[in-house]
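Please read the structure below before turning to the comments.
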Amino acid sequence: MVQDRHPPTSRGLPQATQATQRSLEGLTQEEAYARLLADGPNTLPGSVPKPLLRIAAGVVLEPMFLMLLAAGTVYLLIGDTAEAIFLLGSVFVIIGLALTQERKTQRSLEALRDLSAPRAMVIRAGRELRISSGEVVRGDLLVLHEGDRIAADAVLLQGQLGTDESLLTGEAVPQEKLPGAADLAMEMPGSDAHSFLFASTVVTRGVGVACVRATGAHTAVGRIGAALASTALVPSQLQQASRRIVRRLAMLGLGLAVALVLLGWLWDGRSLLESVLLGVALAMAVLPEEIPVVLTVFLALGAWRLSRQQVLTRRTTAVETLGAITVLAVDKTGTLTLNRMDVAQLWVAGAHFPGDADDVLPGAFHELVEFALLATPVDPFDPMEKAIRGFGQRYLAGTQHVHADWRPEHAYPLSPDILAMTHVFPASDPGCHLLATKGAPEAIADLCHLSSLEQQAIERQAQGMAGQGMRLLGVAKGQWVGGSWPASQHDFTFTFLGLVGLADPPRPEVPAAVAACQAAGIRIIMMTGDHPATARAIARQVGLPGEGDVLTGPEMASMDDDSLSQRLGRVHLCARLVPEHKLRLVQLLQKAGETVGMTGDGVNDAPSLKAADVGIAMGERGTDVAREAAAIVLLDDSFASITAAIRQGRRIFDNIGTATRFIFAVHVPVVALALAPVLFHWPLLLLPVQIVLLELLIDPACSIVFEAEPEATDLMTRPPRARDASPFSADNIVYALGQGLGVAVPLLGGAWVLGLWGWGETAVRATVFVSLVLGVFLLVLANRDLRKPIADSLLWSNPWVARMFVAVVAMLVLALGVPWLRQVMGFVVPSAAALGASAVMLLFAALWLECWRRLAEPQMRR
């Protein structure tokens, strides 16, 4: 619905601008409609959502999920409905999570499109029209006021504006915009040109008219959307490793099962049915169905634990990747800093006053603050002016220097010739007026007609304060007596009062969090669109090296990838960056073998957040675009939460490695007991139903007991793990196989001895099963901490260990004590001799495990 207002309003425009505006007619409706058809709507690029069935098919065809389906089907065929439902149910849960996750990735571009949702005021055929921003076309004249979100990239033709471009550049300080020629070639955000306005940025001060130069995908924010859509998500190392190991073990299990059926039938003389039963038992023993279950449970519970620390996990695979981060690329504005302006320092004739001091403001600074307040609107929108008003109300409250009821009788705004603004107030004497002026220090010094020596002293002081990352304003006062207003501020006589330094302060928790990351061997690189001096100042305040080399965006543009990679290896600060620079830096770091975490909160951060191994967005101040592109969202915007997330990621990876070691170890005796009867012509030692019963013990041990393991004492003082580190590494698997042999050999030896002694088949089977179940618990204890003896594992906290022991005892009591269950399992009630034999087997297993631990520990701790 178009709202028509005629004649055009020009509220707030300077007088000269109002006269000029009346000559601006803008496009006709016919011209605008033709351009809308030619260029398309002023909306940001989107992507076609992937069909749900295609997503589901892709998930099901992944090897780990196929293995879950195969294992669930096997259990279903042998009649164990409960285990089948558990495994098949896990498949559908995982598919559901994947579908939800895919939908969330589509929302990142939808969030970008939402930025163009506000309506726009345009001039067409001499009339001001309020239209949907999607209907804005090239050549339209935008009428802009304080607080408006700019609908398209444009050139300012009239007026003076301050615009907040932090969403695009990362720079918190509003940019001053002055009129320029309509045919100027558009430049990138963050450039030194001051006539260009960009879509999705906000007008913080002033009124103006601008000519639209680009819409939709051709705007600066539209190009970010295109980069975001074309950036591929990086699969986690754990995903890739788990797929490989599951695929290999599936092939191994299938081959061994077929071979065992043939051996049992053709070589051992068993019936085909009995041989198939042996093959099924072996396949079930080899199938690593716990691996996908462990990954799912560990990552889901890790995400839940992080949510309790105000960290939202949007992609669960990012949880373990957090612990592998070697480089943390940190956006300055809104991440390291509060994204607000505060008065940082006052300077008057050689005296300084820090803006965060709790002391009473000395009298020498009262006049400086008083006239800075008078030169500031009563209800400002600009962040710097808000900071000045807040500071003045804090330190001058209750004094005669606060004039809440004063209103300016006349005002001189910023202009291309004079970067200063003056408010004129009536004085007590008739015809006399009081002048309050603030602006660029050099402009204020010029208005005060200072001597060259005085100007040089002010310039030196300004340079020193700017080197500390401050934005500076000069303040002056004056008096004027006359009947008509002068044409220029130069016609007044001013007295220089001093300098006001403003800065975006760092978050209070950042220095400790930075120190913790550095202690953990994580390299932190600040990436910002701000000035190098500001970056250095913030770096010093948060504990980053602030005196080293600074890499700037213009320098990057002239460097090839090899040169830039070498330079990037020795810098901690990157300044004057645009979104393309950040994305390139992240990709080069990854190419160099780094695992990159990227933090940010603005539209300009979205492509690099998505491309990074772990994108971390701010939840409170962050934009929708940044949140949707990231894998991790800090709900409380606390940088300290990053440290907590990294700690959690490292703990989870450690525990996944422990669980994986246990899985391989526990399968060795099961496979050995399934193979031995065929190889040695023994009666069956393990039936499929017994393996199912074992799985009821093994699965919780993997997914619950080890997930709850507390973190290692050196968790945050050791360097990050290697990028190619995996819980399925050769060292971990070999160690696990050695542990498994430590349980398998005593069980096989015990079965052989008991057979020689003439024990019956069911008695041997019951004795071996009791030993195997208790051996599973022994392997749990042996894997909790490889640095400690097995006995010590009983003494440190994990409440699930005791619960598991209770479950082990309960399982044995039920399997051996309930007659019908004992019959199904093929057991007899074990005698005292059988229990003694089990104790001997377990003693040999424990001795083996302890010797193996001491022998292999140095290799495992490399």
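We name chains A, B, ... following the order of the structure tokens; residues begin at 1 in each chain, and ligands are numbered from 1 as shown.
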
Restrict the calculation to only C-alpha atoms, then for each residue of range 563-619 of chain A with any atom at most 12 Å from an atom of range 510-527 of chain A give the closest atom pair and their distance in Å to one decimal, rows by chain and rising residue number, as a tab-separated table.
residue	atom	partner	partner_atom	distance
A:Leu568	CA	A:Ile525	CA	9.3
A:Gly569	CA	A:Ile525	CA	10.2
A:Arg570	CA	A:Ile525	CA	10.0
A:Val571	CA	A:Ile525	CA	7.4
A:His572	CA	A:Ile525	CA	4.5
A:Leu573	CA	A:Met526	CA	4.9
A:Cys574	CA	A:Met527	CA	4.8
A:Ala575	CA	A:Met527	CA	6.1
A:Arg576	CA	A:Met527	CA	8.5
A:Leu577	CA	A:Met527	CA	7.1
A:Val578	CA	A:Met527	CA	9.6
A:Pro579	CA	A:Met527	CA	10.2
A:Glu580	CA	A:Met527	CA	11.9
A:His581	CA	A:Met527	CA	9.3
A:Lys582	CA	A:Met527	CA	7.1
A:Leu583	CA	A:Met527	CA	10.6
A:Arg584	CA	A:Met527	CA	11.7
A:Leu585	CA	A:Met527	CA	9.2
A:Val586	CA	A:Met527	CA	10.2
A:Leu589	CA	A:Ile525	CA	10.9
A:Glu594	CA	A:Arg523	CA	10.0
A:Thr595	CA	A:Ile522	CA	9.9
A:Val596	CA	A:Arg523	CA	9.7
A:Gly597	CA	A:Ile524	CA	9.4
A:Met598	CA	A:Met527	CA	9.4
A:Thr599	CA	A:Met527	CA	9.4
A:Gly600	CA	A:Met527	CA	9.4
A:Asn604	CA	A:Met527	CA	11.2
A:Asp605	CA	A:Met527	CA	9.8
A:Ser608	CA	A:Met527	CA	10.9

Which residues are near Cys432 in chain A? Cut-off 9 Å, only C-alpha atoms, ignore same chain within fewer than 4 positions. Put them as a PDB file with N, CA, C and O atoms, in the first residue's frame.
ATOM      1  N   PHE A 425      22.314  29.676  22.132  1.00  0.00           N
ATOM      2  CA  PHE A 425      21.322  29.807  23.197  1.00  0.00           C
ATOM      3  C   PHE A 425      21.184  31.290  23.586  1.00  0.00           C
ATOM      4  O   PHE A 425      22.181  32.038  23.591  1.00  0.00           O
ATOM      5  N   PRO A 426      19.969  31.742  23.910  1.00  0.00           N
ATOM      6  CA  PRO A 426      19.816  33.125  24.394  1.00  0.00           C
ATOM      7  C   PRO A 426      20.454  33.285  25.771  1.00  0.00           C
ATOM      8  O   PRO A 426      20.312  32.434  26.642  1.00  0.00           O
ATOM      9  N   ALA A 427      21.177  34.384  25.972  1.00  0.00           N
ATOM     10  CA  ALA A 427      21.806  34.677  27.261  1.00  0.00           C
ATOM     11  C   ALA A 427      20.888  35.593  28.071  1.00  0.00           C
ATOM     12  O   ALA A 427      19.834  36.049  27.612  1.00  0.00           O
ATOM     13  N   SER A 428      21.335  35.882  29.287  1.00  0.00           N
ATOM     14  CA  SER A 428      20.504  36.712  30.177  1.00  0.00           C
ATOM     15  C   SER A 428      20.389  38.144  29.692  1.00  0.00           C
ATOM     16  O   SER A 428      19.363  38.811  29.874  1.00  0.00           O
ATOM     17  N   GLN A 479      30.489  33.824  22.637  1.00  0.00           N
ATOM     18  CA  GLN A 479      29.371  34.754  22.814  1.00  0.00           C
ATOM     19  C   GLN A 479      29.190  35.536  21.524  1.00  0.00           C
ATOM     20  O   GLN A 479      30.153  35.805  20.790  1.00  0.00           O
ATOM     21  N   TRP A 480      27.944  35.942  21.300  1.00  0.00           N
ATOM     22  CA  TRP A 480      27.675  36.714  20.089  1.00  0.00           C
ATOM     23  C   TRP A 480      26.555  37.702  20.367  1.00  0.00           C
ATOM     24  O   TRP A 480      25.534  37.365  21.006  1.00  0.00           O
ATOM     25  N   VAL A 481      26.737  38.909  19.888  1.00  0.00           N
ATOM     26  CA  VAL A 481      25.722  39.959  20.024  1.00  0.00           C
ATOM     27  C   VAL A 481      25.399  40.459  18.623  1.00  0.00           C
ATOM     28  O   VAL A 481      26.301  40.873  17.873  1.00  0.00           O
ATOM     29  N   GLY A 482      24.145  40.401  18.242  1.00  0.00           N
ATOM     30  CA  GLY A 482      23.766  40.850  16.909  1.00  0.00           C
ATOM     31  C   GLY A 482      22.293  40.643  16.665  1.00  0.00           C
ATOM     32  O   GLY A 482      21.593  39.970  17.430  1.00  0.00           O
TER      33      GLY A 482
END

Atomic distance CA of Arg315 in chain A - CA of Leu295 in chain A, expressed in Å with one decimal
13.1 Å

At a cut-off of 7 Å, using only C-alpha atoms, what residues contact Thr534 in chain A? Leave out same-chain residues fewer than 6 positions from it and give the result as a PyMOL selection string.
chain A and resi 468-470

Selected residues written out with N, CA, C and O atoms, as a JSON list (two decimals), in the first residue's frame:
[["chain", "number", "residue", "atom", "x", "y", "z"],
["A", 468, "GLN", "N", 45.39, 5.77, 21.47],
["A", 468, "GLN", "CA", 44.81, 4.88, 22.49],
["A", 468, "GLN", "C", 43.44, 4.37, 22.07],
["A", 468, "GLN", "O", 42.71, 3.78, 22.87],
["A", 469, "GLY", "N", 43.09, 4.59, 20.80],
["A", 469, "GLY", "CA", 41.84, 4.05, 20.28],
["A", 469, "GLY", "C", 40.65, 4.94, 20.51],
["A", 469, "GLY", "O", 39.51, 4.47, 20.39],
["A", 470, "MET", "N", 40.86, 6.20, 20.83],
["A", 470, "MET", "CA", 39.73, 7.10, 21.11],
["A", 470, "MET", "C", 39.31, 7.86, 19.86],
["A", 470, "MET", "O", 40.12, 8.16, 18.98]]

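Using only C-alpha atoms for every distance, the candidate list A:Asp636, A:Asp140, A:Glu409, A:Glu187 yields A:Asp140 as the residue closest to Val122 in chain A.
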